[in-house]
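Q: Input entry-v4.pdb, format and content: PDB, C-alpha atoms.
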```pdb
ATOM      1  CA  MET A   1      47.504 -47.534  27.620
ATOM      2  CA  THR A   2      45.453 -50.037  29.646
ATOM      3  CA  PRO A   3      41.706 -49.265  29.491
ATOM      4  CA  PRO A   4      40.012 -48.588  32.838
ATOM      5  CA  ALA A   5      38.145 -51.371  34.599
ATOM      6  CA  PRO A   6      34.390 -51.497  33.854
ATOM      7  CA  PRO A   7      32.380 -49.381  36.306
ATOM      8  CA  PRO A   8      30.184 -50.995  38.958
ATOM      9  CA  ILE A   9      26.438 -50.619  38.830
ATOM     10  CA  LEU A  10      24.886 -48.498  41.586
ATOM     11  CA  VAL A  11      21.893 -49.990  43.407
ATOM     12  CA  LEU A  12      19.756 -47.920  45.791
ATOM     13  CA  VAL A  13      17.417 -49.928  47.998
ATOM     14  CA  GLY A  14      14.255 -48.177  49.172
ATOM     15  CA  PRO A  15      15.322 -44.530  48.699
ATOM     16  CA  GLN A  16      12.517 -42.213  49.830
ATOM     17  CA  ASP A  17      13.752 -38.728  48.931
ATOM     18  CA  ILE A  18      13.920 -37.809  45.260
ATOM     19  CA  VAL A  19      16.654 -35.273  46.074
ATOM     20  CA  ASN A  20      18.845 -38.124  47.311
ATOM     21  CA  ILE A  21      18.107 -40.138  44.184
ATOM     22  CA  ALA A  22      19.007 -37.144  42.027
ATOM     23  CA  GLY A  23      22.143 -36.536  44.076
ATOM     24  CA  ALA A  24      23.233 -40.117  43.514
ATOM     25  CA  VAL A  25      22.504 -39.745  39.784
ATOM     26  CA  ARG A  26      24.692 -36.646  39.617
ATOM     27  CA  LEU A  27      27.540 -38.389  41.449
ATOM     28  CA  ALA A  28      27.236 -41.485  39.262
ATOM     29  CA  LYS A  29      27.494 -39.253  36.198
ATOM     30  CA  ASN A  30      30.476 -37.367  37.642
ATOM     31  CA  PHE A  31      32.426 -40.543  38.330
ATOM     32  CA  GLY A  32      31.670 -42.679  35.296
ATOM     33  CA  ILE A  33      29.002 -45.046  36.637
ATOM     34  CA  GLU A  34      26.749 -45.915  33.720
ATOM     35  CA  GLN A  35      23.926 -47.960  35.305
ATOM     36  CA  MET A  36      21.637 -47.353  38.268
ATOM     37  CA  ARG A  37      18.996 -49.682  39.626
ATOM     38  CA  LEU A  38      16.356 -48.718  42.191
ATOM     39  CA  VAL A  39      14.625 -51.181  44.500
ATOM     40  CA  GLN A  40      11.157 -49.976  45.510
ATOM     41  CA  PRO A  41      11.903 -46.251  45.561
ATOM     42  CA  GLY A  42       9.444 -44.084  47.483
ATOM     43  CA  VAL A  43       9.083 -41.888  44.403
ATOM     44  CA  PHE A  44      10.481 -42.097  40.893
ATOM     45  CA  ASP A  45       9.994 -39.189  38.508
ATOM     46  CA  PRO A  46      12.652 -39.023  35.756
ATOM     47  CA  TRP A  47      11.666 -35.472  34.783
ATOM     48  CA  ARG A  48      12.130 -34.184  38.330
ATOM     49  CA  ILE A  49      15.365 -36.124  38.800
ATOM     50  CA  GLU A  50      16.887 -34.590  35.694
ATOM     51  CA  GLY A  51      15.627 -31.177  36.802
ATOM     52  CA  ILE A  52      17.703 -31.541  39.972
ATOM     53  CA  ALA A  53      20.669 -33.350  38.388
ATOM     54  CA  HIS A  54      21.095 -31.423  35.157
ATOM     55  CA  ASN A  55      22.503 -33.020  31.999
ATOM     56  CA  THR A  56      21.957 -36.582  33.200
ATOM     57  CA  ALA A  57      19.110 -37.593  30.859
ATOM     58  CA  ASP A  58      21.108 -40.454  29.344
ATOM     59  CA  LEU A  59      21.817 -42.008  32.744
ATOM     60  CA  VAL A  60      18.286 -41.403  34.025
ATOM     61  CA  SER A  61      16.856 -43.125  30.931
ATOM     62  CA  ARG A  62      18.802 -46.280  31.825
ATOM     63  CA  ILE A  63      17.566 -46.513  35.434
ATOM     64  CA  THR A  64      15.604 -49.716  36.064
ATOM     65  CA  LEU A  65      13.118 -50.451  38.861
ATOM     66  CA  HIS A  66      13.024 -53.699  40.841
ATOM     67  CA  ASP A  67      11.028 -55.329  43.625
ATOM     68  CA  THR A  68      13.952 -56.839  45.558
ATOM     69  CA  LEU A  69      17.710 -56.488  45.854
ATOM     70  CA  ALA A  70      18.097 -60.079  44.657
ATOM     71  CA  GLN A  71      16.145 -59.263  41.505
ATOM     72  CA  ALA A  72      18.129 -56.065  40.892
ATOM     73  CA  THR A  73      21.469 -57.856  41.171
ATOM     74  CA  GLU A  74      20.781 -61.279  39.658
ATOM     75  CA  ASP A  75      23.502 -60.721  37.031
ATOM     76  CA  CYS A  76      26.132 -59.544  39.541
ATOM     77  CA  THR A  77      29.099 -61.624  40.639
ATOM     78  CA  TRP A  78      30.233 -59.414  43.558
ATOM     79  CA  LEU A  79      28.461 -56.778  45.657
ATOM     80  CA  ALA A  80      29.703 -54.216  48.184
ATOM     81  CA  ALA A  81      27.113 -52.765  50.577
ATOM     82  CA  LEU A  82      27.399 -49.378  52.266
ATOM     83  CA  THR A  83      26.601 -49.538  55.966
ATOM     84  CA  ALA A  84      27.367 -47.752  59.230
ATOM     85  CA  ARG A  85      27.646 -51.078  61.096
ATOM     86  CA  GLU A  86      31.301 -51.358  62.036
ATOM     87  CA  ARG A  87      31.398 -54.845  63.550
ATOM     88  CA  SER A  88      30.426 -58.162  62.042
ATOM     89  CA  ALA A  89      31.613 -61.622  62.984
ATOM     90  CA  LYS A  90      30.343 -63.233  59.793
ATOM     91  CA  ARG A  91      30.932 -60.579  57.158
ATOM     92  CA  THR A  92      33.915 -59.031  55.391
ATOM     93  CA  VAL A  93      34.163 -55.333  56.317
ATOM     94  CA  LEU A  94      36.202 -52.947  54.155
ATOM     95  CA  ARG A  95      37.008 -49.243  54.091
ATOM     96  CA  PRO A  96      36.042 -47.321  50.929
ATOM     97  CA  ARG A  97      39.443 -47.415  49.227
ATOM     98  CA  ALA A  98      39.902 -51.150  49.755
ATOM     99  CA  ALA A  99      36.328 -51.809  48.607
ATOM    100  CA  ALA A 100      36.856 -49.726  45.472
ATOM    101  CA  ALA A 101      40.026 -51.650  44.623
ATOM    102  CA  GLU A 102      38.172 -54.938  45.082
ATOM    103  CA  LEU A 103      35.296 -53.752  42.880
ATOM    104  CA  ALA A 104      37.755 -52.762  40.158
ATOM    105  CA  ARG A 105      39.615 -56.069  40.418
ATOM    106  CA  ARG A 106      36.513 -58.245  40.369
ATOM    107  CA  SER A 107      34.918 -56.327  37.492
ATOM    108  CA  ALA A 108      37.147 -58.361  35.170
ATOM    109  CA  GLU A 109      35.208 -61.470  36.242
ATOM    110  CA  GLY A 110      31.698 -60.102  35.727
ATOM    111  CA  VAL A 111      29.234 -57.402  36.720
ATOM    112  CA  VAL A 112      29.916 -55.881  40.149
ATOM    113  CA  GLY A 113      27.744 -53.553  42.156
ATOM    114  CA  LEU A 114      27.727 -50.953  44.896
ATOM    115  CA  VAL A 115      24.609 -51.159  47.097
ATOM    116  CA  ALA A 116      23.228 -48.423  49.368
ATOM    117  CA  GLY A 117      20.164 -48.655  51.595
ATOM    118  CA  ARG A 118      17.352 -46.535  52.991
ATOM    119  CA  GLU A 119      17.954 -43.071  54.386
ATOM    120  CA  ASP A 120      16.522 -43.883  57.814
ATOM    121  CA  ARG A 121      17.593 -47.486  58.476
ATOM    122  CA  GLY A 122      19.964 -48.607  55.759
ATOM    123  CA  LEU A 123      19.920 -52.210  54.570
ATOM    124  CA  SER A 124      18.222 -55.099  56.352
ATOM    125  CA  ASN A 125      20.235 -58.054  57.638
ATOM    126  CA  GLU A 126      18.892 -60.166  54.808
ATOM    127  CA  GLU A 127      20.029 -57.567  52.255
ATOM    128  CA  LEU A 128      23.458 -57.330  53.882
ATOM    129  CA  ASP A 129      23.738 -61.121  53.743
ATOM    130  CA  HIS A 130      23.072 -60.927  50.005
ATOM    131  CA  CYS A 131      26.232 -58.827  49.543
ATOM    132  CA  HIS A 132      29.809 -60.103  49.629
ATOM    133  CA  ALA A 133      31.389 -57.265  51.644
ATOM    134  CA  LEU A 134      30.306 -54.353  53.807
ATOM    135  CA  VAL A 135      31.801 -50.903  53.334
ATOM    136  CA  THR A 136      32.037 -48.517  56.273
ATOM    137  CA  ILE A 137      33.089 -44.873  56.053
ATOM    138  CA  PRO A 138      35.047 -43.758  59.142
ATOM    139  CA  THR A 139      33.595 -40.676  60.839
ATOM    140  CA  VAL A 140      33.489 -39.040  64.259
ATOM    141  CA  PRO A 141      32.389 -41.902  66.570
ATOM    142  CA  GLY A 142      29.399 -40.037  67.973
ATOM    143  CA  HIS A 143      28.038 -39.008  64.579
ATOM    144  CA  ARG A 144      28.472 -41.922  62.165
ATOM    145  CA  SER A 145      25.451 -41.643  59.875
ATOM    146  CA  LEU A 146      25.983 -39.907  56.537
ATOM    147  CA  ASN A 147      23.411 -38.590  54.115
ATOM    148  CA  LEU A 148      22.665 -41.225  51.455
ATOM    149  CA  ALA A 149      24.006 -39.185  48.534
ATOM    150  CA  GLN A 150      27.105 -38.163  50.509
ATOM    151  CA  ALA A 151      27.967 -41.766  51.320
ATOM    152  CA  VAL A 152      27.400 -42.784  47.699
ATOM    153  CA  GLY A 153      29.659 -39.914  46.627
ATOM    154  CA  VAL A 154      32.582 -41.170  48.715
ATOM    155  CA  LEU A 155      32.361 -44.615  47.107
ATOM    156  CA  CYS A 156      31.823 -43.275  43.593
ATOM    157  CA  TYR A 157      34.944 -41.144  43.947
ATOM    158  CA  GLU A 158      37.021 -44.036  45.266
ATOM    159  CA  THR A 159      35.846 -46.388  42.526
ATOM    160  CA  TRP A 160      36.751 -43.776  39.928
ATOM    161  CA  LEU A 161      40.277 -43.505  41.333
ATOM    162  CA  ALA A 162      40.589 -47.294  41.493
ATOM    163  CA  ARG A 163      39.510 -47.608  37.873
ATOM    164  CA  ILE A 164      41.617 -44.841  36.284
ATOM    165  CA  GLY A 165      44.561 -44.854  38.715
ATOM    166  CA  GLU A 166      45.900 -42.278  41.131
ATOM    167  CA  GLY A 167      48.315 -40.949  38.527
ATOM    168  CA  ALA A 168      45.683 -39.712  36.066
ATOM    169  CA  PRO A 169      46.863 -36.262  34.889
ATOM    170  CA  PRO A 170      44.672 -33.196  35.540
ATOM    171  CA  LYS A 171      43.099 -31.403  32.612
ATOM    172  CA  PRO A 172      45.786 -29.432  30.722
ATOM    173  CA  PRO A 173      45.514 -25.624  30.462
ATOM    174  CA  ARG A 174      43.502 -24.268  27.541
ATOM    175  CA  HIS A 175      46.433 -22.207  26.243
ATOM    176  CA  ALA A 176      50.161 -22.833  26.482
ATOM    177  CA  ALA A 177      51.769 -20.647  29.136
ATOM    178  CA  PRO A 178      55.580 -20.819  29.009
ATOM    179  CA  ALA A 179      57.473 -19.799  32.121
ATOM    180  CA  ALA A 180      58.314 -16.085  32.274
ATOM    181  CA  PRO A 181      62.002 -15.089  32.614
ATOM    182  CA  SER A 182      62.976 -13.617  35.962
ATOM    183  CA  ALA A 183      63.745 -10.192  34.421
ATOM    184  CA  ARG A 184      60.153  -9.862  33.239
ATOM    185  CA  ILE A 185      58.781 -10.904  36.641
ATOM    186  CA  GLU A 186      61.028  -8.322  38.359
ATOM    187  CA  LEU A 187      59.799  -5.643  35.949
ATOM    188  CA  LEU A 188      56.217  -6.546  36.806
ATOM    189  CA  PHE A 189      56.948  -6.216  40.549
ATOM    190  CA  ARG A 190      58.688  -2.849  40.064
ATOM    191  CA  SER A 191      55.717  -1.554  38.082
ATOM    192  CA  GLY A 192      53.344  -2.680  40.835
ATOM    193  CA  ARG A 193      55.392  -0.972  43.560
ATOM    194  CA  SER A 194      55.669   2.319  41.729
ATOM    195  CA  GLY A 195      51.911   2.510  41.048
ATOM    196  CA  PRO A 196      50.216   5.049  38.736
ATOM    197  CA  SER A 197      51.580   8.609  38.534
ATOM    198  CA  SER A 198      49.896  11.335  40.551
ATOM    199  CA  SER A 199      48.612  13.033  37.419
ATOM    200  CA  SER A 200      46.679   9.898  36.398
ATOM    201  CA  ARG A 201      45.083   9.215  39.780
ATOM    202  CA  PRO A 202      41.455  10.264  40.393
ATOM    203  CA  GLY A 203      41.431  13.671  42.037
ATOM    204  CA  GLY A 204      45.080  14.343  41.050
ATOM    205  CA  PRO A 205      46.298  17.652  39.603
ATOM    206  CA  THR A 206      45.228  18.592  36.112
ATOM    207  CA  ARG A 207      46.756  21.051  33.670
TER     208      ARG A 207
END
```
Re-express the file's structure as structure tokens.
A:
Amino acid sequence: MTPPAPPPILVLVGPQDIVNIAGAVRLAKNFGIEQMRLVQPGVFDPWRIEGIAHNTADLVSRITLHDTLAQATEDCTWLAALTARERSAKRTVLRPRAAAAELARRSAEGVVGLVAGREDRGLSNEELDHCHALVTIPTVPGHRSLNLAQAVGVLCYETWLARIGEGAPPKPPRHAAPAAPSARIELLFRSGRSGPSSSSRPGGPTR
């Protein structure tokens, strides 16, 4: 069996709300992302983050803080930036599934990263220029902006699928449950239709 591609790192630039940071931590944990880097977060409190995103102490302990996006990604060979900006003459723009496939493919060449910006204004032009592709999530045209953690969740999910493959089997049942023969199923239906006897029903006759 071929091992999955290495996961991307997740970089949040200028997040202000600790709930969004914790939400991103939870999603990273859910979908196998092992490293997070924060660029000038408005607040960083590991104890509070783990209190919101339970059972993530190992991931929270590996979070690193940085002054700039360039500093946070100096070891990366390819970066995909989340943005709501649909049009760009100079930049490669991808949908989430295509971006996830590219992240998985390029992870064989070196460290790759998924970058998300500030809750209120996203990434600056300079920060977008630092990344190799932009990722846009299609939404209703009049309401395009997603919550930071929600947008991160879409990309984390897609990268997980790209890494493990669409055909990954679901978790098997805890106990074996062989198929029941049709005679037994019919007996079950007949018992259900007949219901309990009148003598066993509440308020029924007694002797």
Q: Evaluate the PyMOL selection byres ((chain A and resi 3) around 12) and record the selected residues as a list in words, following the chain and residue labels used in the document.
A: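 Applied to this file, the PyMOL selection byres ((chain A and resi 3) around 12) returns Met1, Thr2, Pro4, Ala5, Pro6, Pro7, Ala104, Ala108, Arg163, Ile164 and Gly165 of chain A.
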Q: Please identify all polymer residues within 10 Å of A:His54, counting only C-alpha atoms, omitting same-chain residues fewer than 3 positions from it, and present them as JSON, numbers by chain.
A: {"A": [22, 25, 26, 48, 49, 50, 51, 57]}
Q: List every residue of stretch 58-96 of chain A that has an atom at most 6 Å from any atom of stretch 136-140 of chain A, giving for each one its closest atom pair and the distance in Å to one decimal, counting only C-alpha atoms, sorted by chain and then by ascending residue number, as a tab-separated table.
A:
```
residue	atom	partner	partner_atom	distance
A:Thr83	CA	A:Thr136	CA	5.5
A:Ala84	CA	A:Thr136	CA	5.6
A:Arg95	CA	A:Thr136	CA	5.5
```
Q: Using only C-alpha atoms, pick whichever of A:Leu27, A:Val43, A:Cys131, A:Val154 has the shortest atom-to-atom distance to A:Asn55.
A: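 Comparing A:Leu27, A:Val43, A:Cys131, A:Val154 against A:Asn55, the winner is A:Leu27.
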Q: Atom CA of A:Gly42 to atom CA of A:Ala99: how many Å, to one decimal?
A: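 Distance between the two atoms: 28.0 Å.
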Q: Let me know the residues the PyMOL selection byres ((chain A and resi 31) around 7) catches in the file above, as a PyMOL selection string.
A: chain A and resi 27-30+32-33+156-157+160
Q: Could you give me, as a VMD selection string, the residues within 9 Å of A:Ala81, counting only C-alpha atoms and dropping anything in the same chain fewer than 6 positions from it?
A: chain A and resid 113 to 117 123 127 to 128 131 to 136
Q: Give me the residues within 6 Å of A:Ala100 as a VMD selection string, counting all atoms listed in the file and dropping any in the same chain fewer than 5 places off.
A: chain A and resid 158 to 159 162
Q: Between atom CA of A:Asn125 and atom CA of A:Gly153, what distance in Å does the model show, to one decimal?
A: 23.2 Å
Q: Between atom CA of A:Glu109 and atom CA of A:Thr73, what is the distance, to one decimal in Å?
A: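 Atom-to-atom, atom CA of A:Glu109 to atom CA of A:Thr73, that is 15.0 Å.
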Q: Pick the closest to A:Asp58 from A:Ser182, A:Gln35, A:Gln16, A:Gln40: which is it, counting all atoms listed in the file?
A: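 Counting all atoms listed in the file, the residue closest to A:Asp58 is A:Gln35.
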Q: Any idea what's packed within 9 Å of A:Asn20, counting only C-alpha atoms, ignoring anything in its chain fewer than 6 positions away? Could you give it as a count of residues only?
A: 5
Q: Choose the residue, out of A:Gly23, A:Ile9, A:Val93, A:Leu82, that has the smallest atom-to-atom separation from A:Arg62; count all atoms listed in the file.
A: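 Of all the options, A:Ile9 lies closest to A:Arg62.
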Q: Calculated over all atoms listed in the file, which of the candidates A:Leu103, A:Ser61, A:Ala151, A:Gly14 has the smallest distance to A:Ala80?
A: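 Ranked by minimum distance to A:Ala80, first place goes to A:Leu103.
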Q: May I ask which of the residues A:His130, A:Arg37, A:Arg105, A:Arg97 is the closest one to A:Ile63, counting only C-alpha atoms?
A: A:Arg37
